[in-house]
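Asks: Structure below; questions to follow.
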Amino acid sequence: MGSALTNLISFIVAISVLVAVHEFGHYIVGRWAGMKVLRFSIGFGKPIWSWRFGRDDTEYCIASIPLGGYVRFLDSREGDIDPADEGRAFDQRPIPSRIAVLLAGPAFNFLFAIIAFWFLFMDGVPALRPTIGEVTPDSYAAAAGLSQGEQIVRVGDTDVLAWDSALIGILDKLVSENRIPLTLEDAYGARRLAVLEIPEDAAAGLTEPGVLFDGLGFKPGPAPVIIGNLQEGGAAVAAGLQEGDRIVAVDDVDIAYFGQLIDAVKPLAGERVLIHYVRDQSRQSTFATLGERTVNGETSGFLGVGYMIDNIGPAQSFGSAIEQTWAKSVFTLQMLGRMLTGDVSIKNISGPINIAQFAGESAERGARSFVDFLILISISLGILNLLPIPVLDGGQIVYQVAEWVKGSPLTDRAQIIGQQVGILALLLLMSFAFYNDIARILG
């Protein structure tokens, strides 16, 4: 029950935030363009809280159905308008201004993603390298020769440092080429090429949610012990270890990931140990006298090393935020297009139930995870609204462009037919989404 409540609250918070961002884009650009705003609503249905503000007496409200929102502009097509407001109706403003207002909603969703990424990057990004875990016998991964503990450093011709970029590359190669070229690096820095060959009739099935790694035949492994930061005056610094060194053993105990390092040094507080590490593809050793630290009355050994954290300045962070938003937007659009061609499974379309579950799970993992979730949904919302479907912003932009070219508005009949087609398309999309949600619940 608690989990369901968490899912619901997280879903409402996520949708409310992202809809508010989207609609604020329409609202503020509309105001700048000289349009009169009648209502700014978060949610649909009957208002449960509202107030009026400003020289236009705009109504701001929160409605009872938290699944969207809207901005209502003055529009002469809906009835007579006060002579004092002549020229301030949406349809009375220049077409470029109308298009700018329609574009502003999706643009603010992308802007939200950029700003969120920016803050995450300035806070520091754990560089958890994409590492091969357990490899399933008689699988595509086994046939390609993948070995547990190897790092993926390149997918195709693209360098990758973390799992998110590795996954994008893997999925892209899977659906576009039916083969996944991976450059792998072992514990000593030696690199080799491995190619996963996927039959054409199996590729689309591997894009179904939760299927990729089991289908390819390997699991993500824990990050190797690559020193990312050193405690000043700690045992590692005294022993001459440096950032970028990879610890591979403590005394006679092999170390593959940080959890094993912690277990190895924990019972050796104050003792002198031999650290085996790799630097510049060369295996070296050094003695270290472990430090001590006491937590809840328990004393344990402490080497003084931590994960690699990519801390970059505000300017570089902002550039990286733009790059990440662009990359994820292009990838999302590519996956959507490939769903239409059948190259990617339509089971990836999620409805509100599944989105709520993801929202709850991300919220339980912490603020950073929830922000990552908001970024993904915000980008998806921006792309969805740019599709040329008449009931969405993209479709309305098509109407405005057609009026610009034609020199007069489209006929009522043309607009009604467009609306019907748009509603049918959305109903079809929602049907797939709800079907996938129910199918996941039923297993």
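Please note that chains go A, B, ... in the order of the structure tokens, that every chain numbers its residues from 1, and that ligands are numbered from 1 in the order shown.
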Return as a list in words the full set of residues in region 51-85 of chain A whose backbone-based DSSP assignment is helix (DSSP H, G or I).

Replies: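 The residues of region 51-85 of chain A classed as helix (DSSP H, G or I) are Ser76, Arg77, Glu78, Pro83, Ala84 and Asp85 of chain A.
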
Asks: Please return, as a PyMOL selection string, all residues of region 191-256 of chain A that DSSP assigns to strand (DSSP E or B) on the basis of the backbone.

Replies: chain A and resi 191-197+218-221+226+229-230+246-250+253-254

Asks: If you measure from CA of Thr299 (chain A) to CA of Gly244 (chain A), what distance in Å do you get, rounded to one decimal?

Replies: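 According to the coordinates, CA of Thr299 (chain A) and CA of Gly244 (chain A) are separated by 28.0 Å.
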
Asks: Using only C-alpha atoms, which protein or nucleic acid residues come within 8 Å of region 23-35 of chain A? Drop anything in the same chain fewer than 3 positions from it, and give the result as a PyMOL selection string.

Replies: chain A and resi 19-20+40+69-71+73-74+88-90+93+97-98+100-108

Asks: Write the residues of the selection above to a file with N, CA and C atoms, as a PDB file, in the first residue's frame.

Replies:
ATOM      1  N   VAL A  19       3.949  19.575 -16.521  1.00  0.00           N
ATOM      2  CA  VAL A  19       2.863  20.281 -17.191  1.00  0.00           C
ATOM      3  C   VAL A  19       2.953  21.782 -16.896  1.00  0.00           C
ATOM      4  N   ALA A  20       3.279  22.119 -15.657  1.00  0.00           N
ATOM      5  CA  ALA A  20       3.430  23.533 -15.309  1.00  0.00           C
ATOM      6  C   ALA A  20       4.534  24.176 -16.144  1.00  0.00           C
ATOM      7  N   PHE A  40      -4.958  29.894 -16.750  1.00  0.00           N
ATOM      8  CA  PHE A  40      -3.778  29.027 -16.686  1.00  0.00           C
ATOM      9  C   PHE A  40      -4.136  27.914 -15.716  1.00  0.00           C
ATOM     10  N   GLY A  69      -2.906  19.870 -18.422  1.00  0.00           N
ATOM     11  CA  GLY A  69      -3.139  21.268 -18.112  1.00  0.00           C
ATOM     12  C   GLY A  69      -3.314  22.047 -19.405  1.00  0.00           C
ATOM     13  N   TYR A  70      -3.600  23.314 -19.273  1.00  0.00           N
ATOM     14  CA  TYR A  70      -3.795  24.121 -20.474  1.00  0.00           C
ATOM     15  C   TYR A  70      -3.720  25.605 -20.142  1.00  0.00           C
ATOM     16  N   VAL A  71      -3.452  26.381 -21.196  1.00  0.00           N
ATOM     17  CA  VAL A  71      -3.540  27.843 -21.133  1.00  0.00           C
ATOM     18  C   VAL A  71      -4.621  28.249 -22.120  1.00  0.00           C
ATOM     19  N   PHE A  73      -6.252  31.192 -24.147  1.00  0.00           N
ATOM     20  CA  PHE A  73      -6.082  32.556 -24.625  1.00  0.00           C
ATOM     21  C   PHE A  73      -7.410  33.109 -25.125  1.00  0.00           C
ATOM     22  N   LEU A  74      -7.543  34.406 -25.101  1.00  0.00           N
ATOM     23  CA  LEU A  74      -8.688  35.051 -25.734  1.00  0.00           C
ATOM     24  C   LEU A  74      -8.664  34.693 -27.224  1.00  0.00           C
ATOM     25  N   ARG A  88      -5.862  41.526 -29.326  1.00  0.00           N
ATOM     26  CA  ARG A  88      -5.116  40.748 -28.335  1.00  0.00           C
ATOM     27  C   ARG A  88      -5.527  39.276 -28.327  1.00  0.00           C
ATOM     28  N   ALA A  89      -6.488  38.901 -29.160  1.00  0.00           N
ATOM     29  CA  ALA A  89      -6.896  37.503 -29.247  1.00  0.00           C
ATOM     30  C   ALA A  89      -5.825  36.686 -29.964  1.00  0.00           C
ATOM     31  N   PHE A  90      -5.763  35.386 -29.631  1.00  0.00           N
ATOM     32  CA  PHE A  90      -4.752  34.510 -30.231  1.00  0.00           C
ATOM     33  C   PHE A  90      -4.818  34.557 -31.752  1.00  0.00           C
ATOM     34  N   ARG A  93      -3.369  37.784 -33.576  1.00  0.00           N
ATOM     35  CA  ARG A  93      -1.952  38.111 -33.558  1.00  0.00           C
ATOM     36  C   ARG A  93      -1.276  37.566 -34.811  1.00  0.00           C
ATOM     37  N   SER A  97       3.894  34.935 -34.343  1.00  0.00           N
ATOM     38  CA  SER A  97       3.692  34.991 -32.902  1.00  0.00           C
ATOM     39  C   SER A  97       2.927  33.763 -32.410  1.00  0.00           C
ATOM     40  N   ARG A  98       1.912  33.341 -33.169  1.00  0.00           N
ATOM     41  CA  ARG A  98       1.146  32.139 -32.795  1.00  0.00           C
ATOM     42  C   ARG A  98       2.038  30.904 -32.797  1.00  0.00           C
ATOM     43  N   ALA A 100       5.262  30.832 -32.413  1.00  0.00           N
ATOM     44  CA  ALA A 100       6.191  30.946 -31.290  1.00  0.00           C
ATOM     45  C   ALA A 100       5.541  30.475 -29.994  1.00  0.00           C
ATOM     46  N   VAL A 101       4.268  30.836 -29.796  1.00  0.00           N
ATOM     47  CA  VAL A 101       3.548  30.405 -28.599  1.00  0.00           C
ATOM     48  C   VAL A 101       3.387  28.893 -28.576  1.00  0.00           C
ATOM     49  N   LEU A 102       3.055  28.305 -29.724  1.00  0.00           N
ATOM     50  CA  LEU A 102       2.860  26.858 -29.789  1.00  0.00           C
ATOM     51  C   LEU A 102       4.175  26.103 -29.583  1.00  0.00           C
ATOM     52  N   LEU A 103       5.265  26.665 -30.103  1.00  0.00           N
ATOM     53  CA  LEU A 103       6.572  26.028 -29.935  1.00  0.00           C
ATOM     54  C   LEU A 103       7.091  26.161 -28.506  1.00  0.00           C
ATOM     55  N   ALA A 104       6.625  27.183 -27.795  1.00  0.00           N
ATOM     56  CA  ALA A 104       7.197  27.489 -26.485  1.00  0.00           C
ATOM     57  C   ALA A 104       6.963  26.386 -25.465  1.00  0.00           C
ATOM     58  N   GLY A 105       5.822  25.698 -25.541  1.00  0.00           N
ATOM     59  CA  GLY A 105       5.554  24.624 -24.579  1.00  0.00           C
ATOM     60  C   GLY A 105       6.604  23.525 -24.660  1.00  0.00           C
ATOM     61  N   PRO A 106       6.767  22.884 -25.830  1.00  0.00           N
ATOM     62  CA  PRO A 106       7.826  21.873 -25.956  1.00  0.00           C
ATOM     63  C   PRO A 106       9.218  22.437 -25.680  1.00  0.00           C
ATOM     64  N   ALA A 107       9.462  23.686 -26.124  1.00  0.00           N
ATOM     65  CA  ALA A 107      10.786  24.281 -25.910  1.00  0.00           C
ATOM     66  C   ALA A 107      11.102  24.391 -24.429  1.00  0.00           C
ATOM     67  N   PHE A 108      10.117  24.720 -23.610  1.00  0.00           N
ATOM     68  CA  PHE A 108      10.352  24.818 -22.175  1.00  0.00           C
ATOM     69  C   PHE A 108      10.585  23.444 -21.557  1.00  0.00           C
TER      70      PHE A 108
END

Asks: What is the distance between CA of Val305 (chain A) and CA of Ile247 (chain A), in Å to one decimal?

Replies: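 Spanning CA of Val305 (chain A) to CA of Ile247 (chain A) is a straight-line distance of 10.1 Å.
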
Asks: Can you work out the spacing between CA of Phe370 (chain A) and CA of Ser10 (chain A) in Å, to one decimal?

Replies: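 Between these atoms lies a distance of 8.8 Å.
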
Asks: So, counting only C-alpha atoms, which residue among A:Leu392, A:Pro267, A:Ala143, A:Ile114 is closest to Leu374 (chain A)?

Replies: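 The closest residue to Leu374 (chain A) is A:Ile114.
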
Asks: Measuring between only C-alpha atoms, which one of A:Glu134, A:Asp343, A:Asp280, A:Glu150 shows the shortest distance to Glu243 (chain A)?

Replies: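 Distance minimum relative to Glu243 (chain A) lands on A:Asp280.
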
Asks: Using only C-alpha atoms, which residue out of A:Glu271, A:Glu197, A:Asp85, A:Asp138 lies closest to Leu290 (chain A)?

Replies: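 Comparing A:Glu271, A:Glu197, A:Asp85, A:Asp138 against Leu290 (chain A), the winner is A:Glu271.
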
Asks: Taking into account only C-alpha atoms, which residue in the set A:Asp172, A:Asp186, A:Asp245, A:Asp214 is nearest to Gly228 (chain A)?

Replies: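 Selected residue with least distance to Gly228 (chain A): A:Asp245.
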
Asks: Can you tell me, as a list in words, what residues are no more than 7 Å from Tyr257 (chain A) when counting only C-alpha atoms, ignoring any on the same chain fewer than 3 positions away?

Replies: Pro222, Ala223, Pro224, Val225, Gln260 and Leu261 of chain A

Asks: Let's have the selection written as a PDB file, in the first residue's frame, with N, CA and C atoms.

Replies:
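Output contents, as saved in again.pdb:
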ATOM      1  N   PRO A 222      29.376  -4.735 -11.627  1.00  0.00           N
ATOM      2  CA  PRO A 222      29.733  -3.595 -10.767  1.00  0.00           C
ATOM      3  C   PRO A 222      30.952  -2.871 -11.306  1.00  0.00           C
ATOM      4  N   ALA A 223      31.031  -1.588 -10.998  1.00  0.00           N
ATOM      5  CA  ALA A 223      32.121  -0.759 -11.516  1.00  0.00           C
ATOM      6  C   ALA A 223      33.450  -1.195 -10.926  1.00  0.00           C
ATOM      7  N   PRO A 224      34.521  -1.237 -11.732  1.00  0.00           N
ATOM      8  CA  PRO A 224      35.845  -1.597 -11.217  1.00  0.00           C
ATOM      9  C   PRO A 224      36.373  -0.517 -10.281  1.00  0.00           C
ATOM     10  N   VAL A 225      37.407  -0.871  -9.523  1.00  0.00           N
ATOM     11  CA  VAL A 225      37.945   0.071  -8.541  1.00  0.00           C
ATOM     12  C   VAL A 225      38.958   0.987  -9.222  1.00  0.00           C
ATOM     13  N   GLN A 260      34.130  -5.361  -2.956  1.00  0.00           N
ATOM     14  CA  GLN A 260      35.174  -6.303  -2.567  1.00  0.00           C
ATOM     15  C   GLN A 260      36.342  -5.595  -1.882  1.00  0.00           C
ATOM     16  N   LEU A 261      36.672  -4.375  -2.336  1.00  0.00           N
ATOM     17  CA  LEU A 261      37.736  -3.612  -1.687  1.00  0.00           C
ATOM     18  C   LEU A 261      37.360  -3.291  -0.241  1.00  0.00           C
TER      19      LEU A 261
END

Asks: Name all residues at most 12 Å from Ile416 (chain A) (count only C-alpha atoms; drop same-chain ones fewer than 6 positions away) and give them as number ranges by chain.

Replies: A: 390-391, 399, 410, 422-423

Asks: Please provide as a list in words all residues within 9 Å of Gly145 (chain A), with the sequence filter that same-chain residues fewer than 5 positions apart are discarded (counting only C-alpha atoms).

Replies: Tyr140, Ala194, Val195 and Leu196 of chain A

Asks: May I ask which of the residues A:Lys46, A:Phe331, A:Leu427, A:Ala203 is the closest one to Ile389 (chain A), counting only C-alpha atoms?

Replies: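 Checking each of A:Lys46, A:Phe331, A:Leu427, A:Ala203 against Ile389 (chain A), counting only C-alpha atoms, the winner is A:Leu427.
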
Asks: Can you pull out the residues contacting Ser378 (chain A)? Cut-off 7 Å, using only C-alpha atoms, and skip same-chain residues under 5 positions away; I want them as a compact mmCIF listing (two decimals) with C-alpha atoms, in the first residue's frame.

Replies:
# COMPACT_ATOMS: atom_id res chain seq x y z
CA LEU A 18 6.30 19.07 -16.12
CA ASN A 109 10.31 21.04 -21.64
CA PHE A 110 13.69 20.82 -23.38
CA ALA A 113 15.92 19.08 -19.17
